[in-house]
Amino acid sequence: MESSSGLLLVEPTTWYFQSMFRIKKIYAYEKSKYQEIMLVDIEGFGKSLVIDNLIQSTEKDEYIYHESLVHPAMILHPEPKNILIIGGGEGATLREVLKHNTVKRAVMVDIDEVVVNFARKYLEYMHQGSFEDERAEIVIMDGYEYIRKAPSESYDVVILDLTDPYAGEIAKKLYSEEFYRETYRILRGDGVMVTQAGNSFFYNKTYKYVYENIEKVYPQIIEYWVWVPSFTYTCNFVLASKTYDPRKISIEEFDERLCERGVNTRFINGKRYYSLIYMGVIIGDLEK
């Protein structure tokens, strides 16, 4: 959209509410058979990955989302060695996973090779060389099919960095009970799974569908959410485990594990993790 002040990006946060951003510059544009991909400079947020006119990650605040997605799941597991990431084409989720010195192998599966190659070429500031790490394995494939064909009990942590569950039927299958049963199958006996789950305020019914599907499969489950400024809403996450209760990780233990593994963060730490999961418990109880 053009205006007297330049090019504007108008995002439909929901059907009755839109957000507007001023684009200062377009650096790159490509189109795949799945989607349109742009790298733009958004005023106030810097270099930003935009797919199908929706902001995915910005230079200013991507660390809030990626640290919140990755580190609670990684810290919950006492020794995560084999990690599976579904989605996350820009490489930032992979970047955060590889900070943990316990990791021996990190497989990142994305359906769109164009997005991955776009990230390699233009988003070095975001992936920070994670694609070239010797522990990383990049697979171009449908995430559902990859998990369905993966051997049982082959991963310690599964991280689902997906398109929002209300983005369409293709996305919705990655939030189904059947899909979560497949993630459960490929996790080892003390495995951990985390997914981003969109927004529970604007899309309450869809969020409940996701949460309840996970609850049917995993014995240990908790929800939490963080404000991501460029998303203009809080982003929900659901953390689940076959064995470990996310509430049992103390502030001190969370920080100790970060330190022992050589993980440096800008946003997430023991105190913030504690506040996120217990705010989720309180509000979750109020909504029931």
# chains A, B, ... in the order shown; residues from 1 in each chain; ligands from 1
$ residues_around --residues "region 226-233 of chain A" --least-positions-apart "4" --cutoff "8 Å" --atoms "only C-alpha atoms" --output "list in words"
Thr13, Ser19, Phe45, Ile55, Ser57, Thr58, Asp61, Ile64, Tyr65, Ser68, Asn199 and Leu276 of chain A
$ write_last_selection --atoms "C-alpha atoms" --output "JSON list (two decimals), in the first residue's frame"
[["chain", "number", "residue", "atom", "x", "y", "z"],
["A", 13, "THR", "CA", -4.00, -8.97, 12.96],
["A", 19, "SER", "CA", -1.62, -3.02, 12.10],
["A", 45, "PHE", "CA", 12.17, -2.49, 13.55],
["A", 55, "ILE", "CA", 6.01, -10.03, 9.38],
["A", 57, "SER", "CA", 10.98, -11.73, 12.13],
["A", 58, "THR", "CA", 12.52, -8.31, 12.59],
["A", 61, "ASP", "CA", 12.79, -7.99, 18.34],
["A", 64, "ILE", "CA", 12.26, -12.26, 22.04],
["A", 65, "TYR", "CA", 10.33, -14.79, 19.99],
["A", 68, "SER", "CA", 11.15, -17.82, 24.20],
["A", 199, "ASN", "CA", -2.55, -15.85, 19.76],
["A", 276, "LEU", "CA", 6.02, -16.63, 32.14]]
$ residues_around --residues "region 168-182 of chain A" --least-positions-apart "2" --cutoff "8 Å" --atoms "only C-alpha atoms" --output "list in words"
Tyr144, Ile147, Arg148, Leu162, Thr163, Asp164, Pro165, Tyr166, Tyr184, Arg185, Ile186, Val210, Asn213, Ile214, Lys216 and Val217 of chain A
$ residues_around --residues "Ser130 (chain A)" --least-positions-apart "2" --cutoff "8 Å" --atoms "only C-alpha atoms" --output "JSON, numbers by chain"
{"A": [91, 92, 94, 95, 98, 127, 128, 132, 133, 136]}
$ select_by_dssp --residues "region 78-220 of chain A" --states "strand (DSSP E or B)" --output "PyMOL selection string"
chain A and resi 82-87+105-110+136-140+155-161+187-196+220
$ residues_around --residues "region 238-255 of chain A" --least-positions-apart "3" --cutoff "9 Å" --atoms "only C-alpha atoms" --output "CSV table (one decimal) with C-alpha atoms, in the first residue's frame"
chain,number,residue,atom,x,y,z
A,69,LEU,CA,10.4,-20.7,21.8
A,72,PRO,CA,12.4,-23.3,27.9
A,73,ALA,CA,12.2,-26.6,26.0
A,75,ILE,CA,16.5,-26.2,29.5
A,76,LEU,CA,13.7,-28.5,30.6
A,77,HIS,CA,15.6,-31.5,29.2
A,184,TYR,CA,5.4,-38.1,20.9
A,187,LEU,CA,10.7,-38.5,21.2
A,188,ARG,CA,12.8,-40.5,23.6
A,189,GLY,CA,11.3,-41.5,26.9
A,190,ASP,CA,12.1,-38.2,28.5
A,191,GLY,CA,11.5,-36.1,25.4
A,192,VAL,CA,10.3,-32.5,25.3
A,193,MET,CA,8.1,-30.8,22.7
A,194,VAL,CA,7.3,-27.1,22.2
A,195,THR,CA,5.2,-25.3,19.6
A,196,GLN,CA,4.3,-21.7,18.9
A,197,ALA,CA,0.5,-21.5,18.9
A,210,VAL,CA,-4.2,-26.7,19.7
A,211,TYR,CA,-3.9,-26.8,23.5
A,214,ILE,CA,-1.5,-31.5,23.0
A,215,GLU,CA,-3.2,-32.2,26.4
A,217,VAL,CA,-1.2,-36.7,24.1
A,218,TYR,CA,1.4,-35.4,26.7
A,219,PRO,CA,1.2,-36.0,30.4
A,220,GLN,CA,3.1,-32.8,31.2
A,221,ILE,CA,2.0,-29.6,29.6
A,222,ILE,CA,2.1,-25.8,30.3
A,223,GLU,CA,1.3,-22.7,28.3
A,224,TYR,CA,3.1,-19.3,28.3
A,225,TRP,CA,3.1,-16.2,26.1
A,258,LEU,CA,22.2,-21.8,30.6
A,259,CYS,CA,25.6,-21.1,32.2
A,260,GLU,CA,26.9,-24.7,32.1
A,269,ASN,CA,16.5,-16.3,32.0
A,270,GLY,CA,15.4,-18.1,35.1
A,271,LYS,CA,13.3,-15.2,36.5
A,272,ARG,CA,11.6,-14.5,33.2
A,273,TYR,CA,10.9,-18.2,32.6
A,274,TYR,CA,9.4,-18.5,36.1
A,277,ILE,CA,5.0,-20.1,33.2
A,278,TYR,CA,3.2,-19.0,36.4
$ residues_around --residues "Pro12 (chain A)" --least-positions-apart "3" --cutoff "12 Å" --atoms "only C-alpha atoms" --output "list in words"
Leu9, Trp15, Tyr16, Phe17, Gln18, Ser19, Met20, Phe21, Asp52, Asn53, Leu54, Ile55, Ala167, Phe202, Phe231, Thr232 and Tyr233 of chain A
$ closest_atom_pairs --of "region 58-161 of chain A" --to "region 23-41 of chain A" --cutoff "8 Å" --atoms "only C-alpha atoms" --output "Markdown table"
| residue | atom | partner | partner_atom | distance |
| --- | --- | --- | --- | --- |
| A:Asp112 | CA | A:Tyr34 | CA | 7.1 |
| A:Val114 | CA | A:Ser32 | CA | 6.0 |
| A:Val115 | CA | A:Ile37 | CA | 7.1 |
| A:Phe118 | CA | A:Glu30 | CA | 7.9 |
| A:Tyr122 | CA | A:Leu39 | CA | 7.7 |
$ write_last_selection --atoms "C-alpha atoms" --output "PDB file, in the first residue's frame"
ATOM      1  CA  ASP A 112      10.262 -24.156   1.161  1.00  0.00           C
ATOM      2  CA  VAL A 114      13.444 -20.766  -1.583  1.00  0.00           C
ATOM      3  CA  VAL A 115      12.956 -19.392   1.953  1.00  0.00           C
ATOM      4  CA  PHE A 118      16.827 -16.538   0.787  1.00  0.00           C
ATOM      5  CA  TYR A 122      20.249 -12.172   2.949  1.00  0.00           C
TER       6      TYR A 122
END
$ select_by_dssp --residues "region 27-254 of chain A" --states "helix (DSSP H, G or I)" --output "CSV table (one decimal) with C-alpha atoms, in the first residue's frame"
chain,number,residue,atom,x,y,z
A,62,GLU,CA,13.3,-11.5,16.8
A,63,TYR,CA,15.3,-12.6,19.8
A,64,ILE,CA,12.3,-12.3,22.0
A,65,TYR,CA,10.3,-14.8,20.0
A,66,HIS,CA,13.2,-17.2,19.2
A,67,GLU,CA,14.6,-17.3,22.7
A,68,SER,CA,11.2,-17.8,24.2
A,69,LEU,CA,10.4,-20.7,21.8
A,70,VAL,CA,13.7,-22.5,22.1
A,71,HIS,CA,15.3,-22.2,25.6
A,72,PRO,CA,12.4,-23.3,27.9
A,73,ALA,CA,12.2,-26.6,26.0
A,74,MET,CA,16.0,-27.0,25.8
A,75,ILE,CA,16.5,-26.2,29.5
A,76,LEU,CA,13.7,-28.5,30.6
A,92,ALA,CA,17.2,-18.1,14.0
A,93,THR,CA,15.6,-21.1,15.8
A,94,LEU,CA,18.5,-23.2,14.7
A,95,ARG,CA,20.9,-20.5,15.9
A,96,GLU,CA,19.4,-20.6,19.4
A,97,VAL,CA,19.4,-24.5,19.6
A,113,GLU,CA,13.8,-24.3,-0.2
A,114,VAL,CA,13.4,-20.8,-1.6
A,115,VAL,CA,13.0,-19.4,2.0
A,116,VAL,CA,16.0,-21.3,3.2
A,117,ASN,CA,18.2,-20.1,0.4
A,118,PHE,CA,16.8,-16.5,0.8
A,119,ALA,CA,17.8,-16.7,4.5
A,120,ARG,CA,21.3,-18.0,3.6
A,121,LYS,CA,21.8,-15.1,1.2
A,122,TYR,CA,20.2,-12.2,2.9
A,124,GLU,CA,23.2,-13.7,8.0
A,125,TYR,CA,22.5,-11.1,10.7
A,126,MET,CA,19.7,-13.5,11.9
A,127,HIS,CA,21.0,-17.0,11.4
A,130,SER,CA,24.0,-21.6,11.9
A,131,PHE,CA,23.3,-23.3,8.6
A,132,GLU,CA,27.1,-24.0,8.3
A,143,GLY,CA,7.4,-31.4,8.2
A,144,TYR,CA,4.4,-33.6,8.7
A,145,GLU,CA,5.8,-36.2,6.3
A,146,TYR,CA,9.3,-36.0,7.9
A,147,ILE,CA,7.9,-36.7,11.3
A,148,ARG,CA,5.6,-39.5,10.1
A,149,LYS,CA,8.6,-41.3,8.5
A,169,GLU,CA,-5.7,-26.0,6.2
A,170,ILE,CA,-2.1,-26.9,5.4
A,171,ALA,CA,-1.0,-25.3,8.7
A,172,LYS,CA,-3.8,-26.8,10.7
A,173,LYS,CA,-2.7,-30.4,10.2
A,174,LEU,CA,0.5,-29.5,12.0
A,175,TYR,CA,-1.5,-28.7,15.1
A,177,GLU,CA,-3.9,-34.6,17.7
A,178,GLU,CA,-2.6,-37.1,15.1
A,179,PHE,CA,0.5,-34.9,14.5
A,180,TYR,CA,1.2,-34.5,18.2
A,181,ARG,CA,1.0,-38.3,18.6
A,182,GLU,CA,3.7,-38.6,15.9
A,183,THR,CA,5.9,-36.1,17.7
A,184,TYR,CA,5.4,-38.1,20.9
A,185,ARG,CA,6.4,-41.3,19.1
A,186,ILE,CA,9.7,-39.9,17.8
A,204,ASN,CA,-9.3,-18.3,21.2
A,205,LYS,CA,-11.2,-21.2,19.6
A,206,THR,CA,-8.2,-22.2,17.4
A,207,TYR,CA,-5.8,-21.9,20.3
A,208,LYS,CA,-8.0,-24.1,22.5
A,209,TYR,CA,-8.1,-26.7,19.7
A,210,VAL,CA,-4.2,-26.7,19.7
A,211,TYR,CA,-3.9,-26.8,23.5
A,212,GLU,CA,-6.5,-29.5,23.9
A,213,ASN,CA,-4.9,-31.7,21.2
A,214,ILE,CA,-1.5,-31.5,23.0
A,215,GLU,CA,-3.2,-32.2,26.4
A,229,PRO,CA,6.2,-5.8,19.4
A,230,SER,CA,6.3,-6.4,15.7
A,231,PHE,CA,3.5,-9.0,15.9
A,246,PRO,CA,8.0,-27.6,33.5
A,247,ARG,CA,7.0,-26.1,36.9
A,248,LYS,CA,9.8,-28.1,38.6
A,251,ILE,CA,15.0,-20.0,38.7
A,252,GLU,CA,18.5,-21.1,39.9
A,253,GLU,CA,18.4,-24.4,37.9
A,254,PHE,CA,17.3,-22.6,34.7
$ closest_residue --among "A:Ile268, A:Asn101, A:Glu134, A:Ser48" --to "Pro80 (chain A)" --atoms "only C-alpha atoms"
A:Asn101
$ closest_residue --among "A:Arg266, A:Arg135, A:Lys47, A:Arg261" --to "Ile83 (chain A)" --atoms "only C-alpha atoms"
A:Arg135
